[in-house]
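Novice: protein_37.txt is the file, holding compact mmCIF, C-alpha atoms and all ligand atoms:
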```txt
# COMPACT_ATOMS: atom_id res chain seq x y z
CA MET A 1 -19.44 -10.34 12.45
CA ILE A 2 -18.06 -7.09 11.00
CA PRO A 3 -14.94 -8.31 9.17
CA ILE A 4 -11.77 -6.19 8.93
CA ALA A 5 -11.92 -6.43 5.11
CA LYS A 6 -14.52 -7.48 2.58
CA PRO A 7 -14.09 -7.35 -1.21
CA ILE A 8 -17.19 -6.13 -3.06
CA LEU A 9 -17.84 -8.44 -6.01
CA GLY A 10 -21.17 -8.63 -7.81
CA ALA A 11 -23.10 -9.32 -10.98
CA GLU A 12 -21.01 -6.92 -13.05
CA GLU A 13 -17.75 -8.66 -12.19
CA MET A 14 -19.47 -11.99 -12.89
CA ARG A 15 -20.55 -10.81 -16.35
CA ALA A 16 -17.11 -9.37 -17.10
CA VAL A 17 -15.45 -12.70 -16.24
CA GLU A 18 -18.01 -14.66 -18.29
CA GLU A 19 -17.21 -12.47 -21.28
CA VAL A 20 -13.50 -13.25 -21.00
CA ILE A 21 -14.16 -16.96 -20.64
CA ALA A 22 -16.45 -16.91 -23.68
CA SER A 23 -13.73 -15.12 -25.66
CA GLY A 24 -11.26 -17.95 -24.99
CA ASN A 25 -8.41 -15.46 -24.32
CA LEU A 26 -7.60 -15.95 -20.67
CA ALA A 27 -3.99 -14.73 -20.47
CA GLN A 28 -2.75 -11.17 -20.95
CA GLY A 29 -4.66 -9.61 -23.81
CA GLY A 30 -7.17 -6.86 -24.62
CA LYS A 31 -8.64 -6.56 -21.13
CA VAL A 32 -5.21 -6.06 -19.56
CA HIS A 33 -4.51 -3.34 -22.10
CA GLU A 34 -7.86 -1.66 -21.34
CA LEU A 35 -7.17 -1.68 -17.61
CA GLU A 36 -3.68 -0.25 -18.16
CA THR A 37 -5.09 2.60 -20.26
CA GLU A 38 -7.82 3.44 -17.75
CA PHE A 39 -5.55 3.15 -14.73
CA ALA A 40 -2.87 5.40 -16.27
CA GLU A 41 -5.55 7.99 -16.94
CA TYR A 42 -6.95 7.64 -13.40
CA ILE A 43 -3.54 8.17 -11.78
CA GLY A 44 -2.60 10.89 -14.26
CA VAL A 45 0.52 9.31 -15.74
CA GLY A 46 1.62 8.42 -19.25
CA HIS A 47 2.03 4.69 -18.68
CA ALA A 48 0.66 1.85 -16.57
CA VAL A 49 1.98 -1.71 -16.73
CA ALA A 50 -0.15 -4.51 -15.26
CA VAL A 51 1.46 -7.41 -13.40
CA ASN A 52 0.36 -10.33 -11.25
CA SER A 53 0.84 -8.82 -7.76
CA GLY A 54 1.80 -5.69 -5.87
CA THR A 55 5.04 -7.40 -4.91
CA ALA A 56 5.83 -7.95 -8.59
CA ALA A 57 4.98 -4.28 -9.27
CA LEU A 58 7.51 -3.15 -6.64
CA HIS A 59 10.15 -5.62 -7.85
CA ILE A 60 9.75 -4.67 -11.51
CA ALA A 61 9.57 -0.94 -10.72
CA LEU A 62 12.94 -1.21 -8.94
CA LEU A 63 14.56 -3.19 -11.78
CA SER A 64 13.13 -0.84 -14.39
CA CYS A 65 14.57 2.16 -12.51
CA GLY A 66 17.99 0.52 -12.77
CA ILE A 67 18.32 -0.82 -9.21
CA LYS A 68 20.74 -3.73 -9.10
CA SER A 69 23.01 -5.82 -6.94
CA GLY A 70 25.10 -3.75 -4.51
CA ASP A 71 22.72 -0.78 -4.47
CA GLU A 72 20.96 0.54 -1.38
CA VAL A 73 17.34 1.64 -1.24
CA ILE A 74 16.05 3.73 1.66
CA THR A 75 12.62 2.77 2.92
CA THR A 76 10.39 2.50 6.00
CA PRO A 77 10.43 -0.47 8.37
CA PHE A 78 6.75 0.06 9.22
CA SER A 79 5.07 -1.66 6.28
CA PHE A 80 4.10 -5.03 4.88
CA ILE A 81 7.16 -7.27 4.44
CA SER A 82 6.77 -7.09 0.66
CA THR A 83 8.08 -3.49 0.59
CA ALA A 84 11.55 -4.43 1.82
CA ASN A 85 11.58 -7.90 0.25
CA SER A 86 11.10 -6.41 -3.21
CA ILE A 87 14.38 -4.53 -2.68
CA ILE A 88 16.12 -7.79 -1.78
CA HIS A 89 14.52 -9.48 -4.82
CA ALA A 90 16.08 -6.76 -6.98
CA GLY A 91 19.48 -7.69 -5.49
CA ALA A 92 19.78 -4.49 -3.45
CA ARG A 93 19.85 -3.78 0.28
CA PRO A 94 16.99 -2.11 2.14
CA VAL A 95 18.12 0.67 4.49
CA PHE A 96 15.52 1.62 7.06
CA VAL A 97 14.73 5.06 8.44
CA ASP A 98 12.17 5.90 11.09
CA ILE A 99 8.60 7.07 10.60
CA GLU A 100 6.49 10.10 11.49
CA GLU A 101 4.33 9.54 14.54
CA ASP A 102 1.10 10.98 13.15
CA THR A 103 0.96 9.49 9.64
CA PHE A 104 3.05 6.33 10.24
CA ASN A 105 4.92 7.15 7.00
CA ILE A 106 8.64 7.56 6.28
CA ASP A 107 10.16 10.61 7.99
CA PRO A 108 11.64 12.66 5.11
CA ASP A 109 14.06 14.43 7.49
CA ALA A 110 15.64 11.09 8.40
CA ILE A 111 16.48 10.11 4.80
CA SER A 112 19.60 12.18 4.11
CA GLU A 113 21.44 10.80 7.18
CA ARG A 114 21.36 7.31 5.69
CA ILE A 115 22.47 8.23 2.16
CA THR A 116 25.78 6.67 1.08
CA SER A 117 27.57 6.37 -2.26
CA ARG A 118 25.59 3.14 -2.79
CA THR A 119 22.15 4.72 -2.28
CA LYS A 120 20.24 4.64 -5.58
CA ALA A 121 16.58 5.01 -4.63
CA VAL A 122 14.08 5.84 -1.94
CA MET A 123 10.86 3.88 -1.49
CA PRO A 124 8.18 5.70 0.52
CA VAL A 125 5.00 3.78 1.41
CA HIS A 126 1.59 5.49 1.52
CA LEU A 127 0.59 3.43 4.51
CA TYR A 128 -3.09 2.80 5.33
CA GLY A 129 -4.01 5.07 2.38
CA HIS A 130 -2.41 8.26 3.74
CA PRO A 131 0.13 9.81 1.35
CA ALA A 132 3.75 9.97 2.45
CA ASP A 133 5.10 13.54 2.63
CA MET A 134 6.17 13.62 -1.02
CA LYS A 135 7.42 17.20 -1.32
CA PRO A 136 10.46 16.74 0.95
CA VAL A 137 10.91 13.15 -0.31
CA MET A 138 11.14 14.41 -3.91
CA GLU A 139 13.48 17.22 -2.84
CA VAL A 140 15.98 14.91 -1.15
CA ALA A 141 15.76 12.48 -4.10
CA GLU A 142 16.46 15.31 -6.51
CA GLU A 143 19.38 16.60 -4.46
CA TYR A 144 21.11 13.20 -4.37
CA GLY A 145 19.94 11.93 -7.79
CA LEU A 146 17.88 9.05 -6.40
CA ALA A 147 15.04 7.20 -8.11
CA VAL A 148 11.71 7.30 -6.25
CA ILE A 149 9.55 4.17 -6.15
CA GLU A 150 6.27 4.73 -4.35
CA ASP A 151 4.67 1.76 -2.61
CA ALA A 152 1.08 2.79 -3.30
CA CYS A 153 -0.29 -0.72 -2.64
CA GLN A 154 -2.71 0.67 -0.02
CA ALA A 155 -3.42 4.04 -1.59
CA HIS A 156 -5.39 3.81 -4.86
CA GLY A 157 -6.81 7.30 -5.41
CA ALA A 158 -5.05 9.06 -2.52
CA LEU A 159 -4.01 12.66 -3.25
CA TYR A 160 -1.04 14.77 -2.17
CA ASP A 161 -1.19 18.45 -3.13
CA GLY A 162 -3.92 17.60 -5.63
CA ARG A 163 -1.87 14.88 -7.33
CA LYS A 164 -2.55 11.15 -7.17
CA VAL A 165 0.06 9.09 -5.37
CA GLY A 166 1.90 6.87 -7.82
CA SER A 167 2.47 9.87 -10.11
CA PHE A 168 5.47 11.37 -8.30
CA GLY A 169 8.01 8.66 -9.02
CA ALA A 170 7.36 5.14 -10.29
CA GLY A 171 4.23 3.88 -8.52
CA ALA A 172 3.43 0.31 -7.48
CA PHE A 173 -0.14 -0.73 -6.71
CA SER A 174 -1.63 -4.01 -5.44
CA PHE A 175 -5.00 -5.43 -6.43
CA TYR A 176 -5.10 -8.14 -3.77
CA PRO A 177 -8.71 -8.85 -2.62
CA THR A 178 -8.45 -6.80 0.61
CA LYS A 179 -7.17 -3.65 -1.15
CA ASN A 180 -9.36 -0.68 -2.13
CA MET A 181 -9.90 -2.39 -5.51
CA THR A 182 -9.09 -5.92 -6.66
CA THR A 183 -8.33 -8.13 -9.65
CA GLY A 184 -8.00 -11.28 -7.49
CA GLU A 185 -4.22 -11.17 -7.38
CA GLY A 186 -2.67 -8.36 -9.38
CA GLY A 187 -0.64 -5.18 -9.45
CA MET A 188 0.26 -2.15 -11.55
CA ILE A 189 3.33 -0.03 -12.19
CA THR A 190 2.65 3.63 -13.02
CA THR A 191 5.18 6.01 -14.54
CA ASP A 192 5.60 9.04 -16.78
CA ASP A 193 8.92 7.71 -18.01
CA GLY A 194 8.56 5.85 -21.31
CA GLU A 195 11.82 3.97 -20.84
CA VAL A 196 10.87 2.72 -17.39
CA ALA A 197 7.50 1.58 -18.81
CA GLU A 198 9.14 -0.25 -21.68
CA LEU A 199 11.59 -2.04 -19.37
CA ALA A 200 8.69 -2.95 -17.07
CA ARG A 201 6.72 -4.42 -19.98
CA MET A 202 9.71 -6.48 -21.04
CA THR A 203 10.60 -7.60 -17.52
CA ARG A 204 7.11 -8.92 -16.77
CA SER A 205 7.26 -11.14 -19.85
CA HIS A 206 10.68 -12.81 -20.07
CA GLY A 207 12.51 -9.74 -21.30
CA SER A 208 11.02 -9.68 -24.75
CA LYS A 209 9.43 -6.96 -26.86
CA GLN A 210 9.22 -9.22 -29.83
CA ARG A 211 8.06 -12.77 -29.26
CA TYR A 212 10.92 -15.21 -28.59
CA VAL A 213 13.56 -12.47 -28.79
CA HIS A 214 14.85 -12.01 -25.22
CA GLU A 215 16.87 -8.85 -24.68
CA ILE A 216 17.07 -9.09 -20.89
CA CYS A 217 16.39 -11.79 -18.31
CA GLY A 218 12.80 -11.25 -17.28
CA TYR A 219 10.06 -13.13 -15.46
CA ASN A 220 6.53 -14.31 -16.02
CA MET A 221 4.66 -11.71 -13.97
CA ARG A 222 1.74 -11.08 -16.31
CA MET A 223 -1.83 -10.30 -15.25
CA THR A 224 -4.63 -12.42 -16.72
CA ASP A 225 -7.49 -10.97 -18.77
CA ILE A 226 -9.84 -12.51 -16.18
CA GLY A 227 -8.28 -10.37 -13.47
CA ALA A 228 -8.20 -7.28 -15.66
CA ALA A 229 -11.90 -7.65 -16.50
CA ILE A 230 -12.70 -7.69 -12.76
CA GLY A 231 -10.37 -4.71 -12.31
CA MET A 232 -12.20 -2.63 -14.94
CA VAL A 233 -15.47 -2.94 -12.98
CA GLN A 234 -13.69 -2.25 -9.69
CA LEU A 235 -11.88 0.83 -11.01
CA GLY A 236 -15.25 2.25 -12.07
CA ASN A 237 -16.40 2.03 -8.43
CA LEU A 238 -13.17 3.06 -6.73
CA ASP A 239 -13.96 6.74 -6.10
CA GLU A 240 -17.39 5.94 -4.67
CA TRP A 241 -15.93 3.22 -2.43
CA ASN A 242 -13.12 5.51 -1.27
CA GLY A 243 -15.78 8.14 -0.49
CA ARG A 244 -17.58 5.65 1.75
CA ARG A 245 -14.33 4.75 3.53
CA ILE A 246 -13.70 8.46 4.17
CA GLU A 247 -17.26 8.97 5.49
CA ASN A 248 -16.92 5.94 7.76
CA ALA A 249 -13.60 7.26 9.07
CA LYS A 250 -15.21 10.63 9.82
CA THR A 251 -17.95 8.97 11.85
CA LEU A 252 -15.39 6.88 13.74
CA ASN A 253 -13.19 9.93 14.41
CA ALA A 254 -16.17 11.82 15.85
CA GLY A 255 -17.31 8.85 17.94
CA LEU A 256 -13.89 7.94 19.34
CA LYS A 257 -12.48 11.38 20.09
CA ASP A 258 -11.46 12.45 23.60
CA LEU A 259 -10.93 8.92 24.86
CA ARG A 260 -7.94 8.67 27.17
CA GLY A 261 -5.33 6.29 25.78
CA LEU A 262 -6.80 6.23 22.27
CA ILE A 263 -5.51 8.29 19.32
CA THR A 264 -7.59 8.47 16.15
CA PRO A 265 -5.96 8.74 12.69
CA VAL A 266 -5.10 12.13 11.21
CA THR A 267 -5.42 13.44 7.66
CA ARG A 268 -2.81 16.09 6.91
CA ASN A 269 -3.70 19.33 5.16
CA GLY A 270 -3.40 18.98 1.39
CA CYS A 271 -3.88 15.20 1.56
CA LYS A 272 -6.72 12.88 0.61
CA HIS A 273 -6.47 9.80 2.86
CA VAL A 274 -8.33 6.86 1.27
CA PHE A 275 -8.49 4.80 4.49
CA HIS A 276 -7.36 1.43 3.25
CA GLN A 277 -7.19 0.96 7.01
CA TYR A 278 -8.62 2.93 9.91
CA THR A 279 -5.87 2.58 12.47
CA ILE A 280 -6.02 3.78 16.06
CA ARG A 281 -3.24 3.89 18.61
CA ILE A 282 -3.79 2.53 22.08
CA THR A 283 -1.31 4.30 24.33
CA GLY A 284 -0.30 4.81 27.94
CA GLU A 285 -1.61 2.30 30.45
CA ALA A 286 -4.12 1.00 27.95
CA LYS A 287 -1.22 0.02 25.66
CA THR A 288 -0.43 -3.14 27.59
CA GLY A 289 -4.06 -4.02 27.06
CA ARG A 290 -4.11 -3.61 23.29
CA ASP A 291 -4.34 -7.31 22.62
CA LYS A 292 -7.04 -7.56 25.27
CA VAL A 293 -8.96 -4.77 23.51
CA ALA A 294 -8.65 -6.63 20.20
CA GLU A 295 -9.87 -9.82 21.86
CA LEU A 296 -12.87 -8.10 23.44
CA LEU A 297 -13.80 -6.48 20.13
CA GLY A 298 -13.51 -9.88 18.46
CA SER A 299 -15.78 -11.51 21.01
CA ASN A 300 -18.31 -8.75 20.26
CA GLY A 301 -18.24 -9.52 16.55
CA ILE A 302 -15.82 -6.78 15.46
CA GLY A 303 -12.87 -7.95 13.37
CA THR A 304 -9.58 -6.17 14.06
CA SER A 305 -6.00 -6.57 12.92
CA ILE A 306 -2.55 -5.27 13.80
CA TYR A 307 -0.72 -3.84 10.78
CA TYR A 308 2.09 -4.53 11.61
CA PRO A 309 3.03 -6.21 14.91
CA ILE A 310 6.77 -6.49 14.10
CA PRO A 311 8.62 -3.77 12.17
CA ILE A 312 10.58 -5.19 9.25
CA HIS A 313 14.05 -4.59 10.76
CA LYS A 314 12.99 -6.78 13.70
CA GLN A 315 11.74 -9.69 11.57
CA PRO A 316 13.66 -12.92 12.24
CA TYR A 317 15.41 -13.18 8.89
CA TYR A 318 16.27 -9.48 8.80
CA MET A 319 17.85 -9.92 12.25
CA ASP A 320 19.67 -12.97 10.79
CA MET A 321 20.99 -10.73 8.00
CA GLY A 322 22.51 -8.50 10.68
CA TYR A 323 20.04 -5.64 10.92
CA ASP A 324 20.36 -4.07 14.34
CA ASP A 325 18.70 -0.67 13.87
CA THR A 326 16.84 1.05 16.67
CA LEU A 327 13.92 2.91 15.15
CA PRO A 328 11.84 4.07 18.11
CA ALA A 329 8.83 5.55 16.33
CA ALA A 330 8.31 2.43 14.19
CA GLU A 331 8.81 0.13 17.16
CA GLN A 332 6.38 2.13 19.27
CA ALA A 333 3.79 2.12 16.47
CA SER A 334 4.05 -1.67 16.21
CA SER A 335 3.20 -1.98 19.89
CA GLU A 336 0.27 0.48 19.81
CA VAL A 337 -1.66 0.23 16.52
CA LEU A 338 -4.96 -1.51 15.98
CA SER A 339 -6.98 -1.41 12.77
CA ILE A 340 -10.77 -1.64 12.88
CA PRO A 341 -13.27 -2.08 10.02
CA VAL A 342 -13.75 0.98 7.76
CA HIS A 343 -14.42 -0.66 4.36
CA PRO A 344 -17.40 0.42 2.21
CA SER A 345 -19.66 -2.41 3.44
CA VAL A 346 -19.52 -1.16 7.03
CA GLU A 347 -22.95 0.42 7.66
CA LYS A 348 -23.96 3.37 9.82
CA HIS A 349 -25.40 1.04 12.51
CA ASP A 350 -22.19 -1.03 12.46
CA LEU A 351 -20.21 2.15 13.15
CA GLU A 352 -22.48 3.12 16.04
CA TYR A 353 -22.20 -0.38 17.46
CA MET A 354 -18.39 -0.35 17.11
CA ILE A 355 -18.09 3.08 18.74
CA GLY A 356 -20.25 1.94 21.67
CA ILE A 357 -18.22 -1.22 22.25
CA ILE A 358 -14.84 0.53 21.93
CA ARG A 359 -15.86 3.37 24.28
CA GLY A 360 -17.04 0.78 26.80
CA VAL A 361 -13.83 -1.23 26.55
CA ILE A 362 -11.46 1.75 26.78
CA GLU A 363 -13.37 3.62 29.48
C1 LIG A 401 -0.44 -5.48 -0.21
C2 LIG A 401 0.84 -4.77 -0.11
C3 LIG A 401 1.95 -5.12 -0.89
C4 LIG A 401 2.03 -6.34 -1.75
O1 LIG A 401 0.98 -6.55 -2.61
P1 LIG A 401 0.63 -8.06 -3.08
O2 LIG A 401 -0.36 -7.82 -4.17
O3 LIG A 401 0.06 -8.75 -1.89
O4 LIG A 401 1.87 -8.68 -3.57
C5 LIG A 401 3.08 -4.33 -0.79
N1 LIG A 401 3.14 -3.27 0.04
C6 LIG A 401 2.10 -2.92 0.82
C7 LIG A 401 2.23 -1.72 1.70
C8 LIG A 401 0.92 -3.67 0.78
O5 LIG A 401 -0.09 -3.34 1.58
```
Would it be possible to restate this file's structure as structure tokens?
Ligand SMILES: *Cc1c(COP(=O)(O)O)cnc(C)c1O
Specialist:
Amino acid sequence: MIPIAKPILGAEEMRAVEEVIASGNLAQGGKVHELETEFAEYIGVGHAVAVNSGTAALHIALLSCGIKSGDEVITTPFSFISTANSIIHAGARPVFVDIEEDTFNIDPDAISERITSRTKAVMPVHLYGHPADMKPVMEVAEEYGLAVIEDACQAHGALYDGRKVGSFGAGAFSFYPTKNMTTGEGGMITTDDGEVAELARMTRSHGSKQRYVHEICGYNMRMTDIGAAIGMVQLGNLDEWNGRRIENAKTLNAGLKDLRGLITPVTRNGCKHVFHQYTIRITGEAKTGRDKVAELLGSNGIGTSIYYPIPIHKQPYYMDMGYDDTLPAAEQASSEVLSIPVHPSVEKHDLEYMIGIIRGVIE
């Protein structure tokens, strides 16, 4: 079986965890601090604040940027549910705009139409590891005075115009085991704004700077030193692993091109796509057979997944809340996408095997 995702964990992670256990300091301590320092440097920002999940990173980033009850945050409906839920957790209302067909990311031209007096932020997602089009996103945010919170949970190391994603606004990363690097569960907020960083640090730990003095109502969203120790090893390997994902994607692109009813992923000029997922579209007549294709690949030992089969505005409880948007590009993407294995443990012969099976199935 070639699984759709496979965390790479070895002797180094084992040693790093043993060291933490031997130290007796399991909760947030020196290792978390080390990971924050290294991650801030890696992304190219002044501050990084570690938390216990990507969802917590998004939630805290919103709160730390001043988002509160009654506010609106513009985002994409074509993402993991956590993106929009974090806005609800912050007390605000997600407002959805459609996506670009080629990158699956928020369409910057659609943002200004949905801006109201309540709009306080925009939350682009760098889906599958491809950067959202940040130049026009930053321009519209600047024009209307909006905060920008980047959901970079799938895009550790991705570049836009030579800059790492997560360095444009406040960034939120996830270190869940299937992501490009892991700490078990975990997340990180990145920012150049010292005040946002300070609020984030307080919010993750019951609103206190000084022990048992609580200035705001916070949470317990701290990362453990065990997780951070794993993360330090993983961060050291991230660029090499991303390089392997990119190479694998290149091989797949070459092997799957010119197939009728199949569109391979694009990488825009000026972008480094880190291929958290390699996602094809199955279109036209073949579209009705997407699930059949997935099933056939599965029966041939190739793991696949649909990210995401239902856009967020069509999820049952969003419909219950009264969302009735029609967002054609997102809805079409949900009915056509299929992700196939691209992670660093996929070998050359796996790729050749996958290409052969997919060509056979589609043709
Ligand atoms: C994984 C992910 C999250 C949430 O991260 P968790 O660590 O699972 O909480 C948020 N947004 C996107 C796009 C993700 O892929």
Novice: For the atom pair atom CA of A:Pro136 and atom CA of A:Glu247, what is the interatomic distance in Å to one decimal place?
Specialist: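 Those two atoms sit 29.1 Å apart.
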Novice: At a cut-off of 8 Å and counting all atoms listed in the file, what residues surround ligand LIG 401 (chain A)? Please answer as a compact mmCIF listing (two decimals) with C-alpha atoms, keeping the file's coordinate frame.
Specialist:
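File out36.txt, as written:
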```txt
# COMPACT_ATOMS: atom_id res chain seq x y z
CA ASN A 52 0.36 -10.33 -11.25
CA SER A 53 0.84 -8.82 -7.76
CA GLY A 54 1.80 -5.69 -5.87
CA THR A 55 5.04 -7.40 -4.91
CA ALA A 56 5.83 -7.95 -8.59
CA ALA A 57 4.98 -4.28 -9.27
CA LEU A 58 7.51 -3.15 -6.64
CA SER A 79 5.07 -1.66 6.28
CA PHE A 80 4.10 -5.03 4.88
CA ILE A 81 7.16 -7.27 4.44
CA SER A 82 6.77 -7.09 0.66
CA THR A 83 8.08 -3.49 0.59
CA VAL A 125 5.00 3.78 1.41
CA HIS A 126 1.59 5.49 1.52
CA LEU A 127 0.59 3.43 4.51
CA TYR A 128 -3.09 2.80 5.33
CA ASP A 151 4.67 1.76 -2.61
CA ALA A 152 1.08 2.79 -3.30
CA CYS A 153 -0.29 -0.72 -2.64
CA GLN A 154 -2.71 0.67 -0.02
CA PHE A 173 -0.14 -0.73 -6.71
CA SER A 174 -1.63 -4.01 -5.44
CA PHE A 175 -5.00 -5.43 -6.43
CA TYR A 176 -5.10 -8.14 -3.77
CA LYS A 179 -7.17 -3.65 -1.15
CA GLU A 185 -4.22 -11.17 -7.38
CA GLY A 186 -2.67 -8.36 -9.38
CA GLY A 187 -0.64 -5.18 -9.45
```
Novice: Would you compute the distance between atom CA of A:Thr191 and atom CA of A:Ala110? Give it in Å to one decimal.
Specialist: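 Spanning atom CA of A:Thr191 to atom CA of A:Ala110 is a straight-line distance of 25.7 Å.
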Novice: Mind checking which residues fall within 7 Å of A:Ser334, counting only C-alpha atoms, ignoring those fewer than 6 positions away in the same chain, and posting them as a list in words?
Specialist: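 Counting only C-alpha atoms, the residues come to Tyr308, Pro309, Ile310 and Pro311 of chain A.
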Novice: Between atom CA of A:Ile67 and atom CA of A:Met202, what is the distance, to one decimal in Å?
Specialist: 15.7 Å
Novice: Looking at A:Gly218, A:Gly243, A:Gly356, A:Gly70, which one is nearest to A:Ala158, with distances taken over all atoms listed in the file?
Specialist: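 Going through A:Gly218, A:Gly243, A:Gly356, A:Gly70 one by one, the smallest distance to A:Ala158 is for A:Gly243.
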Novice: Using all atoms listed in the file, which residues sit within 8 Å of stretch 342-352 of chain A once same-chain residues fewer than 3 positions away are excluded, as a list of chain:residue names?
Specialist: A:Ile2, A:Ile4, A:Ala5, A:Lys6, A:Ile8, A:Trp241, A:Asn242, A:Arg244, A:Arg245, A:Asn248, A:Ala249, A:Thr251, A:Leu252, A:Gly255, A:Phe275, A:His276, A:Gln277, A:Tyr278, A:Ile355, A:Gly356
Novice: Point out the residue among A:Val51, A:Thr178, A:His33, A:Gly184 with the least atom-to-atom distance to A:Tyr219, counting only C-alpha atoms.
Specialist: A:Val51
Novice: Counting all atoms listed in the file, figure out which residue out of A:Ile263, A:Ile111, A:Val148, A:Ala48 gets nearest to A:Asp98.
Specialist: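 Smallest separation from A:Asp98 among the options: A:Ile111.
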Novice: So which one's closest to A:Thr190, A:Met221, A:Val97, A:Ala61, A:Met354? Using all atoms listed in the file, please.
Specialist: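 Checking each of A:Met221, A:Val97, A:Ala61, A:Met354 against A:Thr190, counting all atoms listed in the file, the winner is A:Ala61.
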